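Here is start24.cif, consisting of mmCIF, C-alpha atoms and all ligand atoms:
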```cif
data_protein
loop_
_atom_site.label_atom_id
_atom_site.label_comp_id
_atom_site.auth_asym_id
_atom_site.auth_seq_id
_atom_site.Cartn_x
_atom_site.Cartn_y
_atom_site.Cartn_z
CA MET A 1 165.41 139.48 80.83
CA THR A 2 164.18 135.96 81.54
CA GLU A 3 167.24 133.84 80.93
CA ASN A 4 170.16 136.26 80.55
CA ILE A 5 171.16 134.62 77.26
CA LYS A 6 173.05 136.80 74.77
CA PHE A 7 171.98 136.57 71.12
CA SER A 8 175.37 135.31 69.92
CA ASP A 9 175.45 132.63 72.65
CA TYR A 10 171.92 131.62 71.74
CA LEU A 11 172.96 131.12 68.11
CA SER A 12 176.00 129.03 69.05
CA ALA A 13 173.81 126.79 71.20
CA HIS A 14 170.76 126.49 68.94
CA MET A 15 171.76 126.61 65.26
CA HIS A 16 172.02 123.13 63.77
CA GLY A 17 172.32 121.42 60.42
CA GLU A 18 173.77 122.40 57.07
CA HIS A 19 173.10 126.13 57.46
CA ARG A 20 174.54 126.46 60.99
CA THR A 21 177.73 128.39 60.25
CA ALA A 22 176.09 130.57 57.64
CA LEU A 23 173.11 131.40 59.86
CA ILE A 24 175.34 132.33 62.78
CA GLY A 25 177.37 134.62 60.51
CA MET A 26 174.42 136.20 58.73
CA LEU A 27 172.22 136.63 61.82
CA ASN A 28 175.05 138.25 63.77
CA ASP A 29 175.53 140.72 60.88
CA ILE A 30 171.78 141.35 60.63
CA THR A 31 171.49 142.19 64.33
CA VAL A 32 174.44 144.58 64.04
CA ALA A 33 172.64 146.26 61.12
CA CYS A 34 169.45 146.51 63.20
CA LYS A 35 171.35 148.08 66.11
CA LYS A 36 172.79 150.68 63.73
CA ILE A 37 169.31 151.34 62.30
CA ALA A 38 167.90 151.75 65.83
CA ILE A 39 170.54 154.43 66.47
CA ALA A 40 169.82 156.15 63.14
CA ILE A 41 166.09 156.26 63.89
CA ASP A 42 166.65 157.37 67.47
CA SER A 43 168.67 160.40 66.42
CA GLY A 44 166.71 161.01 63.21
CA ALA A 45 165.39 164.48 63.97
CA LEU A 46 168.62 165.57 65.65
CA GLU A 47 170.53 164.58 62.52
CA GLY A 48 167.93 166.23 60.28
CA ASN A 49 166.85 162.88 58.79
CA MET A 50 163.07 162.89 59.29
CA HIS A 51 162.13 164.55 56.00
CA SER A 52 160.87 163.14 52.70
CA LEU A 53 163.13 163.14 49.67
CA ASN A 54 162.21 164.21 46.17
CA THR A 55 162.65 160.61 44.97
CA GLU A 56 160.32 157.65 44.56
CA ASN A 57 161.21 154.00 45.02
CA VAL A 58 160.26 151.29 42.53
CA GLN A 59 156.81 151.09 44.15
CA GLY A 60 156.16 154.73 43.29
CA GLU A 61 156.28 155.71 46.98
CA VAL A 62 158.01 158.92 48.05
CA GLN A 63 161.19 157.95 49.87
CA LYS A 64 162.09 159.31 53.28
CA ALA A 65 165.70 160.15 54.09
CA LEU A 66 165.63 157.28 56.59
CA ASP A 67 164.40 154.81 53.92
CA VAL A 68 167.61 155.44 52.02
CA ILE A 69 169.87 155.62 55.07
CA THR A 70 168.53 152.36 56.53
CA HIS A 71 168.79 150.62 53.15
CA GLU A 72 172.46 151.58 53.00
CA ILE A 73 173.14 150.50 56.57
CA PHE A 74 171.43 147.13 56.10
CA SER A 75 172.93 146.29 52.71
CA GLU A 76 176.47 147.24 53.74
CA THR A 77 176.52 145.76 57.26
CA THR A 78 175.17 142.35 56.24
CA LEU A 79 178.06 141.59 53.90
CA THR A 80 180.64 141.00 56.64
CA SER A 81 180.10 137.25 57.05
CA GLY A 82 180.73 136.61 53.35
CA PHE A 83 177.72 134.28 52.99
CA VAL A 84 175.40 136.61 51.07
CA VAL A 85 175.74 136.44 47.27
CA GLY A 86 172.73 138.56 46.35
CA MET A 87 170.25 140.94 47.92
CA ALA A 88 166.89 142.50 47.21
CA SER A 89 165.51 145.55 48.98
CA GLU A 90 162.18 147.35 48.94
CA GLU A 91 164.15 150.45 48.07
CA MET A 92 165.92 149.05 44.98
CA GLU A 93 164.26 148.11 41.71
CA ASN A 94 166.75 145.41 40.75
CA ILE A 95 168.54 142.70 42.66
CA ILE A 96 171.81 143.78 44.25
CA GLU A 97 174.71 141.74 42.98
CA VAL A 98 177.38 141.17 45.60
CA ASP A 99 180.98 141.43 44.48
CA GLU A 100 182.54 137.95 44.43
CA ALA A 101 185.35 139.11 46.70
CA LEU A 102 182.77 140.04 49.37
CA ALA A 103 181.01 136.67 49.20
CA PRO A 104 183.76 134.07 49.53
CA ASN A 105 181.45 131.77 51.49
CA GLY A 106 178.59 132.22 48.98
CA GLN A 107 175.16 130.58 48.71
CA TYR A 108 172.54 132.81 50.35
CA LEU A 109 170.12 135.50 49.24
CA LEU A 110 169.02 138.22 51.64
CA LEU A 111 165.75 140.05 50.96
CA PHE A 112 164.67 142.95 53.13
CA ASP A 113 162.50 145.94 53.83
CA PRO A 114 164.95 148.15 55.72
CA LEU A 115 162.32 150.48 57.20
CA ASP A 116 158.80 149.12 57.20
CA GLY A 117 156.06 151.54 58.22
CA SER A 118 158.25 154.48 57.28
CA SER A 119 155.22 156.78 56.98
CA ASN A 120 155.37 156.64 60.79
CA VAL A 121 158.93 157.88 61.37
CA ASN A 122 158.25 161.59 61.55
CA VAL A 123 155.32 161.08 63.94
CA ASN A 124 157.42 158.99 66.34
CA ILE A 125 155.49 155.73 66.02
CA SER A 126 157.07 152.26 65.86
CA VAL A 127 158.73 151.09 62.66
CA GLY A 128 160.67 147.95 61.81
CA THR A 129 163.05 146.05 59.55
CA ILE A 130 161.92 142.78 57.93
CA PHE A 131 164.18 140.17 56.31
CA SER A 132 164.06 136.80 54.60
CA ILE A 133 166.93 134.41 53.74
CA LEU A 134 166.81 131.98 50.82
CA LYS A 135 169.41 129.54 49.55
CA SER A 136 170.86 130.59 46.21
CA PRO A 137 171.07 127.91 43.55
CA LEU A 138 174.06 129.74 42.03
CA ALA A 139 177.10 131.62 43.30
CA ARG A 140 176.21 134.36 40.78
CA PRO A 141 172.42 134.57 41.13
CA THR A 142 170.12 136.25 38.64
CA LEU A 143 166.60 137.54 39.25
CA LYS A 144 164.96 134.17 38.64
CA ASP A 145 167.00 132.61 41.47
CA PHE A 146 165.25 134.96 43.89
CA LEU A 147 161.75 134.00 42.77
CA GLN A 148 161.24 131.15 45.22
CA PRO A 149 158.07 130.56 47.25
CA GLY A 150 158.15 131.40 50.96
CA THR A 151 158.26 127.70 51.87
CA GLN A 152 161.90 127.80 50.75
CA GLN A 153 162.95 130.38 53.34
CA ILE A 154 165.63 129.11 55.69
CA CYS A 155 165.26 132.05 58.03
CA ALA A 156 162.96 135.03 58.50
CA GLY A 157 162.74 137.79 61.05
CA TYR A 158 162.21 141.38 61.97
CA ALA A 159 163.49 144.12 64.22
CA LEU A 160 160.93 146.32 65.93
CA TYR A 161 162.01 149.81 66.92
CA GLY A 162 159.36 150.39 69.55
CA THR A 163 159.29 151.15 73.24
CA SER A 164 162.30 148.88 73.23
CA THR A 165 164.22 147.51 70.24
CA MET A 166 163.44 143.85 69.68
CA PHE A 167 164.75 141.22 67.28
CA VAL A 168 162.48 138.27 66.49
CA PHE A 169 163.41 135.42 64.17
CA THR A 170 162.76 131.85 63.10
CA THR A 171 164.81 129.24 61.31
CA GLY A 172 161.89 126.80 61.26
CA GLU A 173 162.33 125.76 64.90
CA GLY A 174 159.93 128.13 66.61
CA VAL A 175 159.98 131.88 67.01
CA HIS A 176 162.29 133.56 69.48
CA GLY A 177 162.43 137.19 70.57
CA PHE A 178 165.36 139.20 71.94
CA THR A 179 165.40 142.65 73.51
CA LEU A 180 168.21 145.14 73.05
CA ASP A 181 169.99 146.24 76.20
CA ASN A 182 170.91 149.73 75.03
CA GLU A 183 173.67 150.19 77.58
CA LEU A 184 175.42 146.93 76.76
CA GLY A 185 174.57 147.08 73.04
CA GLU A 186 173.52 143.42 73.15
CA PHE A 187 170.29 141.56 72.39
CA PHE A 188 169.18 139.19 75.17
CA LEU A 189 166.61 136.42 74.96
CA THR A 190 163.36 137.70 76.49
CA HIS A 191 160.63 135.92 74.48
CA PRO A 192 161.56 132.27 73.86
CA HIS A 193 159.11 130.08 71.88
CA MET A 194 156.58 132.80 71.02
CA LYS A 195 153.10 131.36 70.37
CA VAL A 196 150.07 133.05 68.84
CA GLN A 197 146.85 132.46 70.76
CA GLU A 198 144.42 130.39 68.68
CA ASP A 199 141.47 132.61 69.58
CA THR A 200 141.27 136.35 69.67
CA GLN A 201 138.83 139.24 69.90
CA GLU A 202 141.10 141.79 68.23
CA PHE A 203 141.55 142.68 64.57
CA ALA A 204 143.82 145.11 62.70
CA ILE A 205 142.78 146.54 59.36
CA ASN A 206 142.71 149.96 57.72
CA MET A 207 138.95 150.57 58.08
CA SER A 208 139.02 153.54 55.70
CA ASN A 209 139.26 151.02 52.85
CA TYR A 210 135.98 149.30 53.85
CA ARG A 211 134.05 150.24 50.71
CA PHE A 212 136.82 148.90 48.46
CA TRP A 213 137.07 145.45 50.08
CA GLN A 214 135.67 142.24 48.68
CA ALA A 215 132.53 140.70 50.19
CA PRO A 216 134.22 138.04 52.39
CA VAL A 217 136.32 140.65 54.19
CA GLN A 218 133.36 143.02 54.58
CA ARG A 219 131.36 140.16 56.05
CA TYR A 220 134.10 139.21 58.53
CA ILE A 221 134.58 142.80 59.71
CA ASP A 222 130.81 143.47 59.82
CA GLU A 223 130.42 140.52 62.16
CA CYS A 224 133.27 141.71 64.37
CA LEU A 225 131.67 145.15 64.58
CA GLN A 226 128.23 143.70 65.44
CA GLY A 227 129.92 142.20 68.49
CA GLU A 228 127.72 140.67 71.18
CA GLU A 229 124.59 141.53 69.24
CA GLY A 230 125.67 139.71 66.08
CA ASP A 231 126.43 136.14 65.02
CA ARG A 232 129.79 136.12 66.81
CA GLU A 233 128.13 136.90 70.16
CA LYS A 234 131.23 138.64 71.49
CA ASP A 235 132.72 142.11 71.26
CA PHE A 236 135.90 142.79 69.29
CA ASN A 237 138.61 145.38 69.73
CA MET A 238 140.47 147.08 66.87
CA ARG A 239 144.02 148.38 66.39
CA TRP A 240 145.75 149.90 63.33
CA VAL A 241 149.29 151.20 63.71
CA ALA A 242 149.98 151.28 59.94
CA SER A 243 153.27 149.56 60.74
CA MET A 244 153.17 145.87 59.91
CA VAL A 245 156.03 144.94 62.20
CA ALA A 246 154.30 146.53 65.18
CA GLU A 247 151.00 144.78 64.34
CA ILE A 248 152.60 141.35 63.88
CA HIS A 249 154.57 141.74 67.08
CA ARG A 250 151.41 142.64 69.00
CA ILE A 251 149.71 139.55 67.55
CA LEU A 252 152.62 137.32 68.59
CA VAL A 253 152.37 138.69 72.11
CA ARG A 254 148.60 138.85 72.68
CA GLY A 255 146.86 137.35 69.64
CA GLY A 256 144.83 139.01 66.92
CA VAL A 257 144.44 139.14 63.16
CA PHE A 258 146.23 141.45 60.76
CA MET A 259 144.64 142.14 57.39
CA TYR A 260 145.73 144.05 54.33
CA PRO A 261 143.29 142.34 51.95
CA MET A 262 142.71 142.89 48.26
CA ASP A 263 140.62 145.95 47.52
CA SER A 264 139.41 147.58 44.33
CA LYS A 265 141.85 150.51 44.70
CA ILE A 266 144.92 148.27 44.71
CA LYS A 267 143.62 145.43 42.55
CA LYS A 268 145.77 146.33 39.55
CA GLN A 269 148.96 146.08 41.59
CA GLY A 270 147.91 142.77 43.21
CA GLY A 271 147.60 144.00 46.80
CA LYS A 272 149.38 146.40 49.14
CA LEU A 273 152.11 144.42 50.85
CA ARG A 274 155.11 142.94 49.09
CA LEU A 275 155.36 139.15 48.96
CA MET A 276 159.05 138.49 49.15
CA TYR A 277 160.25 140.76 51.95
CA GLU A 278 157.06 141.54 53.89
CA ALA A 279 154.40 138.84 53.53
CA ASN A 280 156.67 135.78 53.27
CA PRO A 281 158.93 136.41 56.25
CA MET A 282 155.97 137.41 58.43
CA SER A 283 154.02 134.34 57.25
CA MET A 284 156.89 132.02 58.18
CA ILE A 285 157.04 133.62 61.62
CA MET A 286 153.26 133.44 62.03
CA GLU A 287 153.07 129.75 61.06
CA GLN A 288 156.05 128.88 63.24
CA ALA A 289 154.25 130.53 66.15
CA GLY A 290 151.13 128.43 65.52
CA GLY A 291 149.15 131.02 63.56
CA LEU A 292 148.00 131.01 59.94
CA SER A 293 148.62 133.24 56.95
CA THR A 294 146.57 133.45 53.76
CA THR A 295 145.79 135.56 50.73
CA GLY A 296 142.16 134.50 51.24
CA SER A 297 142.39 131.82 48.61
CA MET A 298 145.78 130.26 49.34
CA ARG A 299 148.59 129.90 51.86
CA ILE A 300 150.92 132.86 51.34
CA LEU A 301 154.04 130.71 51.71
CA GLU A 302 152.98 128.70 48.65
CA VAL A 303 152.57 131.66 46.29
CA VAL A 304 155.12 131.25 43.49
CA PRO A 305 156.52 134.72 42.83
CA ASN A 306 156.80 136.09 39.33
CA ALA A 307 158.39 139.43 40.21
CA LEU A 308 160.73 140.71 42.90
CA HIS A 309 158.35 143.39 44.15
CA GLN A 310 155.16 141.38 43.66
CA ARG A 311 152.32 142.30 46.01
CA VAL A 312 149.76 140.03 47.66
CA PRO A 313 146.64 140.31 49.82
CA VAL A 314 147.65 139.42 53.38
CA MET A 315 145.60 138.06 56.27
CA MET A 316 147.41 136.43 59.17
CA GLY A 317 147.22 135.75 62.86
CA SER A 318 145.24 133.68 65.36
CA LYS A 319 144.41 130.29 63.87
CA HIS A 320 140.66 130.09 64.44
CA GLU A 321 139.95 133.57 63.08
CA ILE A 322 142.06 133.01 59.96
CA GLU A 323 140.29 129.67 59.40
CA ARG A 324 137.00 131.59 59.52
CA ILE A 325 138.27 134.20 57.05
CA ILE A 326 139.45 131.44 54.67
CA ALA A 327 136.04 129.77 54.94
CA TYR A 328 134.28 133.06 54.12
CA HIS A 329 136.46 133.45 51.03
CA GLY A 330 135.44 129.96 49.97
CA LYS A 331 131.71 130.52 50.53
CA THR A 332 130.81 134.18 50.16
CA LYS A 333 129.87 135.47 46.74
CA ARG A 334 132.38 138.17 45.72
P1 LIG A 401 156.01 150.55 53.63
O1 LIG A 401 156.89 149.34 53.49
O2 LIG A 401 156.15 151.50 52.49
O3 LIG A 401 156.17 151.22 54.97
O4 LIG A 401 154.47 150.03 53.51
C1 LIG A 401 154.02 148.96 54.29
C2 LIG A 401 153.14 149.46 55.40
C3 LIG A 401 152.85 148.40 56.42
O5 LIG A 401 153.79 148.43 57.46
C4 LIG A 401 151.47 148.77 56.91
O6 LIG A 401 150.73 147.65 57.33
C5 LIG A 401 150.84 149.40 55.70
O7 LIG A 401 151.90 149.83 54.86
C6 LIG A 401 149.99 150.57 56.07
O8 LIG A 401 149.28 151.00 54.96
P2 LIG A 401 148.16 152.15 55.05
O9 LIG A 401 148.92 153.44 55.20
O10 LIG A 401 147.44 152.03 53.73
O11 LIG A 401 147.28 151.87 56.21
MG MG A 402 157.35 147.73 54.02
#
```

What is this structure when it is put down as structure tokens?
Amino acid sequence: MTENIKFSDYLSAHMHGEHRTALIGMLNDITVACKKIAIAIDSGALEGNMHSLNTENVQGEVQKALDVITHEIFSETTLTSGFVVGMASEEMENIIEVDEALAPNGQYLLLFDPLDGSSNVNVNISVGTIFSILKSPLARPTLKDFLQPGTQQICAGYALYGTSTMFVFTTGEGVHGFTLDNELGEFFLTHPHMKVQEDTQEFAINMSNYRFWQAPVQRYIDECLQGEEGDREKDFNMRWVASMVAEIHRILVRGGVFMYPMDSKIKKQGGKLRLMYEANPMSMIMEQAGGLSTTGSMRILEVVPNALHQRVPVMMGSKHEIERIIAYHGKTKR
């Protein structure tokens, strides 16, 4: 660890302003939830939890036992501070109303994907938890109180259960990463002020969807593939983990672009990734780290949601590549 700073000490020293006490309380709870999830994933097969269930979530996706287990861990553990008055989870169709007695300090909404990339759990590849915090206009919020654009987030972050467990978050003052010391059970600051390189020669996209993409994305990827011999005059590398948290973390560490663009297969549903608890928190992190995030036609953080589980096309990462992708969307005939 670079500075030997414990997560809780970091919060006490660095949280400022009107949300200080609430953020300290909520973020401490969230990291406890992530530690519990790391343990649940770690022992998944030993506990017999790696299988699929016979249920579907609201997105029509088959749930894994760990999707449900991690949803329960996250939603229960994050109530301790008493600041969360309402929740929304990828695994639940409706908002989760928090009992008044459990939210004496009211005012905040917590949106989360408890186990992102869960198709990867039974093949032992990295997965993550993503969360977003909004201010609630009411102590008893209804669905419409959740439907705020990403610019309104007061905090966003993720946990990555990878070769080590990491917790990365932003409150609008840069992006900071912490690594779990498994023996001490504590997160320590290891990646202060994470910055995304402005240039990159690496892209991440599910290439099997190539024929379904729109022309601007096909053009961008074609040019990357042409490498030195094409207009870009340089070779590109490709990665696809099928785990957004792992891809975004890689981009924060060594640059790159992540794309889950619109394609004709998913057009009806508006995209693949969910706006409120996948695209928005990752976009806030990306922008805070100096990168960009777009649907192709607009900044993701400015999309005004009209449904809790709304989906959007997502392209984010190194600034100069995303600027190019945005320009192609403006110019290329679809
Ligand atoms: P999930 O929340 O159900 O796990 O879905 C989101 C995941 C992302 O982590 C990842 O980028 C994408 O789905 C992978 O999709 P595909 O399997 O189409 O490549
Ligand atoms: Mg997800």

Contact table chain A vs ligand MG 402 (chain A), cut-off 9 Å, shortest pair per residue, all atoms listed in the file, as a tab-separated table:
```
residue	atom	partner	partner_atom	distance
A:Glu90	CA	A:MG402	MG	7.0
A:Phe112	CA	A:MG402	MG	8.8
A:Asp113	CA	A:MG402	MG	5.5
A:Pro114	CA	A:MG402	MG	7.8
A:Leu115	CA	A:MG402	MG	6.5
A:Asp116	CA	A:MG402	MG	3.8
A:Gly117	CA	A:MG402	MG	5.8
A:Ser118	CA	A:MG402	MG	7.5
A:Gly128	CA	A:MG402	MG	8.5
A:Thr129	CA	A:MG402	MG	8.1
A:Ile130	CA	A:MG402	MG	7.8
A:Ser243	CA	A:MG402	MG	8.1
A:Met244	CA	A:MG402	MG	7.5
A:Val245	CA	A:MG402	MG	8.7
A:Leu273	CA	A:MG402	MG	7.0
A:Arg274	CA	A:MG402	MG	7.2
A:Tyr277	CA	A:MG402	MG	7.8
A:Glu278	CA	A:MG402	MG	6.2
```

What's the 12 Å shell around Ile95 of chain A, counting all atoms listed in the file, without same-chain residues fewer than 6 positions away, as a VMD selection string? chain A and resid 58 75 85 to 89 109 to 112 140 to 147 307 to 309

Once you have the residues from the selection above, write them out as a PDB file, in the coordinates of the input, restricted to C-alpha atoms.
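Wrote it out as again23.pdb, contents follow:
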```pdb
ATOM      1  CA  VAL A  58     160.260 151.290  42.530  1.00  0.00           C
ATOM      2  CA  SER A  75     172.930 146.290  52.710  1.00  0.00           C
ATOM      3  CA  VAL A  85     175.740 136.440  47.270  1.00  0.00           C
ATOM      4  CA  GLY A  86     172.730 138.560  46.350  1.00  0.00           C
ATOM      5  CA  MET A  87     170.250 140.940  47.920  1.00  0.00           C
ATOM      6  CA  ALA A  88     166.890 142.500  47.210  1.00  0.00           C
ATOM      7  CA  SER A  89     165.510 145.550  48.980  1.00  0.00           C
ATOM      8  CA  LEU A 109     170.120 135.500  49.240  1.00  0.00           C
ATOM      9  CA  LEU A 110     169.020 138.220  51.640  1.00  0.00           C
ATOM     10  CA  LEU A 111     165.750 140.050  50.960  1.00  0.00           C
ATOM     11  CA  PHE A 112     164.670 142.950  53.130  1.00  0.00           C
ATOM     12  CA  ARG A 140     176.210 134.360  40.780  1.00  0.00           C
ATOM     13  CA  PRO A 141     172.420 134.570  41.130  1.00  0.00           C
ATOM     14  CA  THR A 142     170.120 136.250  38.640  1.00  0.00           C
ATOM     15  CA  LEU A 143     166.600 137.540  39.250  1.00  0.00           C
ATOM     16  CA  LYS A 144     164.960 134.170  38.640  1.00  0.00           C
ATOM     17  CA  ASP A 145     167.000 132.610  41.470  1.00  0.00           C
ATOM     18  CA  PHE A 146     165.250 134.960  43.890  1.00  0.00           C
ATOM     19  CA  LEU A 147     161.750 134.000  42.770  1.00  0.00           C
ATOM     20  CA  ALA A 307     158.390 139.430  40.210  1.00  0.00           C
ATOM     21  CA  LEU A 308     160.730 140.710  42.900  1.00  0.00           C
ATOM     22  CA  HIS A 309     158.350 143.390  44.150  1.00  0.00           C
TER      23      HIS A 309
END
```

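Close contacts of Lys35 of chain A, defined as residues with an atom at most 12 Å away when counting only C-alpha atoms, with chain neighbours fewer than 5 positions off set aside, comprise Asn28, Asp29, Ile30, Ala40, Ile41, Asp42, Thr70, Ile73, Phe74, Thr77, Gly128, Thr129, Ala159, Leu160, Tyr161, Ser164, Thr165, Met166, Phe167, Thr179, Leu180, Asp181, Asn182, Glu183, Leu184, Gly185, Glu186 and Phe187 of chain A.
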
Next, dump the selected residues to file, keeping only C-alpha atoms, as a PDB file, keeping the file's coordinate frame.
```pdb
ATOM      1  CA  ASN A  28     175.050 138.250  63.770  1.00  0.00           C
ATOM      2  CA  ASP A  29     175.530 140.720  60.880  1.00  0.00           C
ATOM      3  CA  ILE A  30     171.780 141.350  60.630  1.00  0.00           C
ATOM      4  CA  ALA A  40     169.820 156.150  63.140  1.00  0.00           C
ATOM      5  CA  ILE A  41     166.090 156.260  63.890  1.00  0.00           C
ATOM      6  CA  ASP A  42     166.650 157.370  67.470  1.00  0.00           C
ATOM      7  CA  THR A  70     168.530 152.360  56.530  1.00  0.00           C
ATOM      8  CA  ILE A  73     173.140 150.500  56.570  1.00  0.00           C
ATOM      9  CA  PHE A  74     171.430 147.130  56.100  1.00  0.00           C
ATOM     10  CA  THR A  77     176.520 145.760  57.260  1.00  0.00           C
ATOM     11  CA  GLY A 128     160.670 147.950  61.810  1.00  0.00           C
ATOM     12  CA  THR A 129     163.050 146.050  59.550  1.00  0.00           C
ATOM     13  CA  ALA A 159     163.490 144.120  64.220  1.00  0.00           C
ATOM     14  CA  LEU A 160     160.930 146.320  65.930  1.00  0.00           C
ATOM     15  CA  TYR A 161     162.010 149.810  66.920  1.00  0.00           C
ATOM     16  CA  SER A 164     162.300 148.880  73.230  1.00  0.00           C
ATOM     17  CA  THR A 165     164.220 147.510  70.240  1.00  0.00           C
ATOM     18  CA  MET A 166     163.440 143.850  69.680  1.00  0.00           C
ATOM     19  CA  PHE A 167     164.750 141.220  67.280  1.00  0.00           C
ATOM     20  CA  THR A 179     165.400 142.650  73.510  1.00  0.00           C
ATOM     21  CA  LEU A 180     168.210 145.140  73.050  1.00  0.00           C
ATOM     22  CA  ASP A 181     169.990 146.240  76.200  1.00  0.00           C
ATOM     23  CA  ASN A 182     170.910 149.730  75.030  1.00  0.00           C
ATOM     24  CA  GLU A 183     173.670 150.190  77.580  1.00  0.00           C
ATOM     25  CA  LEU A 184     175.420 146.930  76.760  1.00  0.00           C
ATOM     26  CA  GLY A 185     174.570 147.080  73.040  1.00  0.00           C
ATOM     27  CA  GLU A 186     173.520 143.420  73.150  1.00  0.00           C
ATOM     28  CA  PHE A 187     170.290 141.560  72.390  1.00  0.00           C
TER      29      PHE A 187
END
```

Can you tell me how far atom CA of Leu66 of chain A sits from atom CA of Ala156 of chain A, in Å to one decimal?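 Separation of atom CA of Leu66 of chain A and atom CA of Ala156 of chain A: 22.5 Å.
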
re atom CA of Tyr210 of chain A and atom CA of Gln59 of chain A: distance 23.0 Å

At a cut-off of 10 Å, using all atoms listed in the file, what residues contact Gln148 of chain A? Leave out same-chain residues fewer than 3 positions from it and give the result as a PyMOL selection string. chain A and resi 134-136+144-145+151-153+276+301-306+308

Serialized selection, C-alpha atoms, as an mmCIF file, in the frame of the given file:
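Generated file (part.cif):
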```
data_model
loop_
_atom_site.group_PDB
_atom_site.id
_atom_site.type_symbol
_atom_site.label_atom_id
_atom_site.label_comp_id
_atom_site.auth_asym_id
_atom_site.auth_seq_id
_atom_site.Cartn_x
_atom_site.Cartn_y
_atom_site.Cartn_z
ATOM 1 C CA LEU A 134 166.810 131.980 50.820
ATOM 2 C CA LYS A 135 169.410 129.540 49.550
ATOM 3 C CA SER A 136 170.860 130.590 46.210
ATOM 4 C CA LYS A 144 164.960 134.170 38.640
ATOM 5 C CA ASP A 145 167.000 132.610 41.470
ATOM 6 C CA THR A 151 158.260 127.700 51.870
ATOM 7 C CA GLN A 152 161.900 127.800 50.750
ATOM 8 C CA GLN A 153 162.950 130.380 53.340
ATOM 9 C CA MET A 276 159.050 138.490 49.150
ATOM 10 C CA LEU A 301 154.040 130.710 51.710
ATOM 11 C CA GLU A 302 152.980 128.700 48.650
ATOM 12 C CA VAL A 303 152.570 131.660 46.290
ATOM 13 C CA VAL A 304 155.120 131.250 43.490
ATOM 14 C CA PRO A 305 156.520 134.720 42.830
ATOM 15 C CA ASN A 306 156.800 136.090 39.330
ATOM 16 C CA LEU A 308 160.730 140.710 42.900
#
```

Identify which of the residues A:Gln226, A:Thr295, A:Gln201, A:Asn49 lies closest to Val68 of chain A, counting only C-alpha atoms when measuring atom-to-atom distances. A:Asn49

Spatial neighbours of segment 121-124 of chain A, 9 Å, all atoms listed in the file, chain gap at least 6 places, as a CSV table (one decimal) with C-alpha atoms, in the coordinates of the input:
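Result written to around.csv:
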```
chain,number,residue,atom,x,y,z
A,41,ILE,CA,166.1,156.3,63.9
A,44,GLY,CA,166.7,161.0,63.2
A,45,ALA,CA,165.4,164.5,64.0
A,50,MET,CA,163.1,162.9,59.3
A,51,HIS,CA,162.1,164.6,56.0
A,64,LYS,CA,162.1,159.3,53.3
A,66,LEU,CA,165.6,157.3,56.6
```

Mind filling out segment 38-46 of chain A with N, CA, C and O atoms and sending it as a PDB file, in the frame of the given file?
```pdb
ATOM      1  N   ALA A  38     168.560 151.221  64.620  1.00  0.00           N
ATOM      2  CA  ALA A  38     167.900 151.750  65.830  1.00  0.00           C
ATOM      3  C   ALA A  38     168.527 153.088  66.217  1.00  0.00           C
ATOM      4  O   ALA A  38     167.828 154.045  66.570  1.00  0.00           O
ATOM      5  N   ILE A  39     169.844 153.172  66.111  1.00  0.00           N
ATOM      6  CA  ILE A  39     170.540 154.430  66.470  1.00  0.00           C
ATOM      7  C   ILE A  39     170.176 155.520  65.464  1.00  0.00           C
ATOM      8  O   ILE A  39     169.888 156.657  65.835  1.00  0.00           O
ATOM      9  N   ALA A  40     170.137 155.150  64.174  1.00  0.00           N
ATOM     10  CA  ALA A  40     169.820 156.150  63.140  1.00  0.00           C
ATOM     11  C   ALA A  40     168.397 156.704  63.321  1.00  0.00           C
ATOM     12  O   ALA A  40     168.157 157.901  63.158  1.00  0.00           O
ATOM     13  N   ILE A  41     167.468 155.825  63.705  1.00  0.00           N
ATOM     14  CA  ILE A  41     166.090 156.260  63.890  1.00  0.00           C
ATOM     15  C   ILE A  41     165.981 157.140  65.142  1.00  0.00           C
ATOM     16  O   ILE A  41     165.333 158.179  65.153  1.00  0.00           O
ATOM     17  N   ASP A  42     166.684 156.669  66.183  1.00  0.00           N
ATOM     18  CA  ASP A  42     166.650 157.370  67.470  1.00  0.00           C
ATOM     19  C   ASP A  42     167.100 158.818  67.330  1.00  0.00           C
ATOM     20  O   ASP A  42     166.523 159.727  67.924  1.00  0.00           O
ATOM     21  N   SER A  43     168.122 159.033  66.518  1.00  0.00           N
ATOM     22  CA  SER A  43     168.670 160.400  66.420  1.00  0.00           C
ATOM     23  C   SER A  43     168.200 161.093  65.146  1.00  0.00           C
ATOM     24  O   SER A  43     168.743 162.118  64.759  1.00  0.00           O
ATOM     25  N   GLY A  44     167.165 160.509  64.505  1.00  0.00           N
ATOM     26  CA  GLY A  44     166.710 161.010  63.210  1.00  0.00           C
ATOM     27  C   GLY A  44     166.499 162.511  63.130  1.00  0.00           C
ATOM     28  O   GLY A  44     167.068 163.189  62.275  1.00  0.00           O
ATOM     29  N   ALA A  45     165.707 163.052  64.043  1.00  0.00           N
ATOM     30  CA  ALA A  45     165.390 164.480  63.970  1.00  0.00           C
ATOM     31  C   ALA A  45     166.633 165.311  64.308  1.00  0.00           C
ATOM     32  O   ALA A  45     166.876 166.360  63.707  1.00  0.00           O
ATOM     33  N   LEU A  46     167.417 164.817  65.252  1.00  0.00           N
ATOM     34  CA  LEU A  46     168.620 165.570  65.650  1.00  0.00           C
ATOM     35  C   LEU A  46     169.607 165.650  64.484  1.00  0.00           C
ATOM     36  O   LEU A  46     170.338 166.623  64.333  1.00  0.00           O
TER      37      LEU A  46
END
```
